[in-house]
Amino acid sequence: MNILSIHPVIPSTTPYPLVSHHVPAGFPSPAEDSLERSLSLDELLIVHPESTFFVRVSGDSMQGAGIFPDDILVVDKQKEAITGSIIIAVVNGEMTVKRLYRSAHGTIELHAENPHYLPITFHHEEELMIWGVVVGVVRTLNT
Amino acid sequence: MSPRIFALVDCNNFYVSCERVFMPSLAGKPVVVVSHVGGCALARSNEAKALGVLMGQPYFEWEALARKHAIKLFAPNFPLYGDLSNRVMKTLSTISPDREVYSIDECFLDITHVVYSDPSTLGQTIRSKVMRTTGIPVSVGIAPTKTLAKIAGEIAKKSPALRGVHTIDGAPDALEHILAQTPVEDVWGIGRQTATKLHIHGIHTAADFTHQDGEWVRSTYGVGFFHTWQELRGIACIEGNDLHDHVHKKSIMCTRTWARAMSSLQDLEPRIAQYTALTAERLRRDRLTAQFVTVSLRTSRFIDRESRTTRDMTLALPESSAYTPHLTTLALQILKKIFVKGYDYKRASVVLSGFTENETHQMGIAGESVEARAAGSRLMRAIDSLNHKHGAGLIQNGFALLNKEDTRPHAAPPQNLRSPRYTTDWRALKKVA
């Protein structure tokens, strides 16, 4: 940085014009410094917008997990499915919601959460197509 | 200029792939998306291609094949395709910020400054990231120029052994070999008409084209083709033109080709009105106002010369606007001026241009009061909101309703042909059991 010249500061006697428009007086809000954004459901449920899709539940196979017919499921296609995850899987060409279990010896099972439904077993990872992981359940009431 | 590297990412059979995201049972099956019931093939799965269905081929020519092999047919679901396209493009921008969306299913990425071990690995990374995120399969062509990347992309698509990725590294012998196998009309930027002229000079392949003298190309065909010539020889010089770059969007167009030709003004007026309303909707969605309206009409290109005609005209509004009634009035004035009796028109388009961002302009026309303009804006917002909530076309331009036929642009074919709007309509969510 170059210092070009130094002057003492001399108080000016030049008159300054009054501000011509109205400046709102009134007390500033004590909350102003702590203001945060309002809560947003998108922020809560949609972590990866490009890979997040919604599907509608039909049937009662996952009642035990609190997933009921007509619920909307928030599904993230890029999320890693681990054992215990509730996922959307493709079984015989159909999309279905089930809980995933991976056993130590490589078999995979899809479990319903309803005693009336039997688990489905896959012996190789490749047989099962995972469409996405369920990251949220949305239910609107009184509509 | 230091060398650059581009990746051309191209979705495979895009419309079909979109349908397969929500109908996994279609995997491995012959599927065709047709323009409308009895219309032409817009997109074909590999299985349908193998059966012999050609791009653009009218249904009646392959109807027997369709029945025999149970080809699954769809009418276009553009809301779904547009939404999935946006997701693909957003995903690609995480690979490189230098992204140029070229069409609904193609994107150039400048990967010059992206860190990766080798192009092939990056190509596979791109493929798996897009597949995992959106379910859409893509092919990747990598090369020192966009024109070469396009050629690489075609090669990647055609040979399954390449696993969807192909790199042209610019090494002269390999490049010459590839260009010798590329017909000149398949080169990006060289159309059938120019190719015919080139054929006369004995130029049949891309290699032949690059063997010509650059100055000859420039002086005979113009600077555009000279750039193509340079790009084929490995020198990147074609600048970008991103489709998603709203700030620089130059025009908004609505074009429709009709199965049945229109020859009277009464047939054309409601359609032009509807197309204007659609473009105006997009204008408002992008928060722009337009100064110029262009209307064009065209007969079929495949009839004899005397029966062919193309007519178009552009007029300006006194003041930039996004107010559908004003834009429609002008569009219909233009239509009356360009319409000539005695022709069978097959295609029309409405183009809006001369944009200004809406922050500075209200919707109205000079001379209107501020209140009238504000009312116009409120009216448009209310209409857009209702159309969004209840389905496009709920509220239409009165003119458009004069014609007894359904003039909605994607006039609904029978429900069983159009798949639900899985990603844009709460009522159309995919059901899972």
# chains A, B, ... in the order shown; residues from 1 in each chain; ligands from 1
call {"tool": "closest_atom_pairs", "arguments": {"of": "chain B", "to": "chain A", "cutoff": "9 Å", "atoms": "only C-alpha atoms", "output": "tab-separated table"}}
result
residue	atom	partner	partner_atom	distance
B:Val21	CA	A:Trp131	CA	8.9
B:Phe22	CA	A:Met95	CA	8.2
B:Met23	CA	A:Gly93	CA	7.4
B:Pro24	CA	A:Gly93	CA	5.3
B:Ser25	CA	A:Gly93	CA	4.0
B:Leu26	CA	A:Gly93	CA	7.7
B:Ala27	CA	A:Gly93	CA	8.4
B:Leu84	CA	A:Glu50	CA	8.6
B:Asn86	CA	A:Glu50	CA	8.0
B:Arg87	CA	A:Glu50	CA	4.8
B:Val88	CA	A:Glu50	CA	7.6
B:Lys90	CA	A:Glu50	CA	6.8
B:Thr91	CA	A:Glu50	CA	6.8
B:Lys129	CA	A:Gln78	CA	8.4
B:Met131	CA	A:Gln78	CA	8.9
B:Arg132	CA	A:Gln78	CA	5.3
B:Thr133	CA	A:Ser51	CA	4.7
B:Thr134	CA	A:Ser51	CA	5.7
B:Gly135	CA	A:Lys77	CA	8.1
B:Tyr422	CA	A:Val55	CA	8.1
B:Thr423	CA	A:Phe53	CA	6.9
B:Trp426	CA	A:Phe54	CA	8.6
B:Ala428	CA	A:Arg56	CA	8.8
B:Leu429	CA	A:Val55	CA	5.1
B:Lys430	CA	A:Val55	CA	5.0
B:Lys431	CA	A:Arg56	CA	4.7
B:Val432	CA	A:Thr96	CA	4.8
B:Ala433	CA	A:Ser58	CA	4.8
call {"tool": "select_by_dssp", "arguments": {"residues": "stretch 230-313 of chain B", "states": "helix (DSSP H, G or I)", "output": "NGL selection string"}}
result
:B and (230-232 or 246-248 or 265-285 or 305-307)
call {"tool": "select_by_dssp", "arguments": {"residues": "stretch 17-155 of chain B", "states": "strand (DSSP E)", "output": "PyMOL selection string"}}
result
chain B and resi 31-34+41-44+72-74+99-103+106-110+138-143
call {"tool": "write_last_selection", "arguments": {"atoms": "N, CA and C atoms", "output": "CSV table (one decimal), in the first residue's frame"}}
result
chain,number,residue,atom,x,y,z
B,31,VAL,N,-40.4,-50.2,-26.5
B,31,VAL,CA,-41.3,-49.1,-26.1
B,31,VAL,C,-41.1,-48.0,-27.2
B,32,VAL,N,-42.2,-47.4,-27.5
B,32,VAL,CA,-42.1,-46.2,-28.4
B,32,VAL,C,-43.0,-45.1,-27.9
B,33,VAL,N,-42.4,-43.9,-27.9
B,33,VAL,CA,-43.2,-42.7,-27.6
B,33,VAL,C,-43.6,-42.1,-28.9
B,34,VAL,N,-44.9,-42.0,-29.1
B,34,VAL,CA,-45.4,-41.5,-30.4
B,34,VAL,C,-45.9,-40.0,-30.2
B,41,ALA,N,-43.1,-41.9,-34.6
B,41,ALA,CA,-42.2,-42.3,-33.5
B,41,ALA,C,-41.3,-41.2,-33.1
B,42,LEU,N,-41.4,-40.7,-31.8
B,42,LEU,CA,-40.5,-39.7,-31.3
B,42,LEU,C,-39.3,-40.2,-30.6
B,43,ALA,N,-39.5,-41.4,-29.9
B,43,ALA,CA,-38.4,-42.0,-29.2
B,43,ALA,C,-38.7,-43.5,-29.2
B,44,ARG,N,-37.6,-44.2,-29.3
B,44,ARG,CA,-37.7,-45.7,-29.3
B,44,ARG,C,-36.7,-46.3,-28.4
B,72,LYS,N,-45.0,-51.4,-26.5
B,72,LYS,CA,-45.7,-50.5,-25.6
B,72,LYS,C,-45.6,-49.0,-26.1
B,73,LEU,N,-46.8,-48.4,-26.3
B,73,LEU,CA,-46.9,-47.1,-26.8
B,73,LEU,C,-47.2,-46.0,-25.8
B,74,PHE,N,-46.6,-44.9,-25.9
B,74,PHE,CA,-46.9,-43.8,-25.0
B,74,PHE,C,-47.1,-42.5,-25.8
B,99,ARG,N,-21.2,-25.7,-17.6
B,99,ARG,CA,-22.1,-26.6,-18.2
B,99,ARG,C,-22.9,-25.9,-19.2
B,100,GLU,N,-23.2,-26.5,-20.3
B,100,GLU,CA,-24.0,-25.9,-21.4
B,100,GLU,C,-25.1,-26.8,-21.8
B,101,VAL,N,-26.3,-26.6,-21.3
B,101,VAL,CA,-27.4,-27.4,-21.6
B,101,VAL,C,-27.8,-27.2,-23.1
B,102,TYR,N,-27.7,-28.2,-23.9
B,102,TYR,CA,-27.9,-28.0,-25.3
B,102,TYR,C,-29.3,-28.3,-25.8
B,103,SER,N,-29.9,-29.3,-25.2
B,103,SER,CA,-31.3,-29.6,-25.5
B,103,SER,C,-31.9,-30.3,-24.3
B,106,GLU,N,-29.4,-33.3,-23.9
B,106,GLU,CA,-28.0,-33.3,-24.2
B,106,GLU,C,-27.3,-32.1,-23.4
B,107,CYS,N,-26.1,-32.3,-23.0
B,107,CYS,CA,-25.4,-31.3,-22.3
B,107,CYS,C,-23.9,-31.3,-22.5
B,108,PHE,N,-23.3,-30.2,-22.8
B,108,PHE,CA,-21.8,-30.2,-22.9
B,108,PHE,C,-21.2,-29.8,-21.5
B,109,LEU,N,-20.2,-30.5,-21.1
B,109,LEU,CA,-19.5,-30.1,-19.9
B,109,LEU,C,-18.1,-29.7,-20.3
B,110,ASP,N,-17.6,-28.6,-19.9
B,110,ASP,CA,-16.2,-28.3,-20.1
B,110,ASP,C,-15.4,-28.9,-18.9
B,138,VAL,N,-27.2,-42.5,-19.5
B,138,VAL,CA,-26.6,-41.6,-20.4
B,138,VAL,C,-25.4,-42.1,-21.1
B,139,SER,N,-25.0,-41.6,-22.2
B,139,SER,CA,-23.7,-41.9,-22.8
B,139,SER,C,-22.9,-40.7,-22.8
B,140,VAL,N,-21.6,-40.9,-22.8
B,140,VAL,CA,-20.6,-39.8,-22.6
B,140,VAL,C,-19.6,-39.8,-23.7
B,141,GLY,N,-19.4,-38.7,-24.5
B,141,GLY,CA,-18.4,-38.6,-25.5
B,141,GLY,C,-17.4,-37.6,-25.0
B,142,ILE,N,-16.1,-37.9,-25.0
B,142,ILE,CA,-15.1,-37.0,-24.5
B,142,ILE,C,-14.1,-36.7,-25.6
B,143,ALA,N,-13.8,-35.4,-25.8
B,143,ALA,CA,-12.9,-35.0,-26.9
B,143,ALA,C,-12.4,-33.6,-26.7
call {"tool": "atom_distance", "arguments": {"atom1": "atom CA of A:Val74", "atom2": "atom CA of B:Asp425"}}
result
14.5 Å
call {"tool": "atom_distance", "arguments": {"atom1": "atom CA of B:Met380", "atom2": "atom CA of B:Arg285"}}
result
10.7 Å
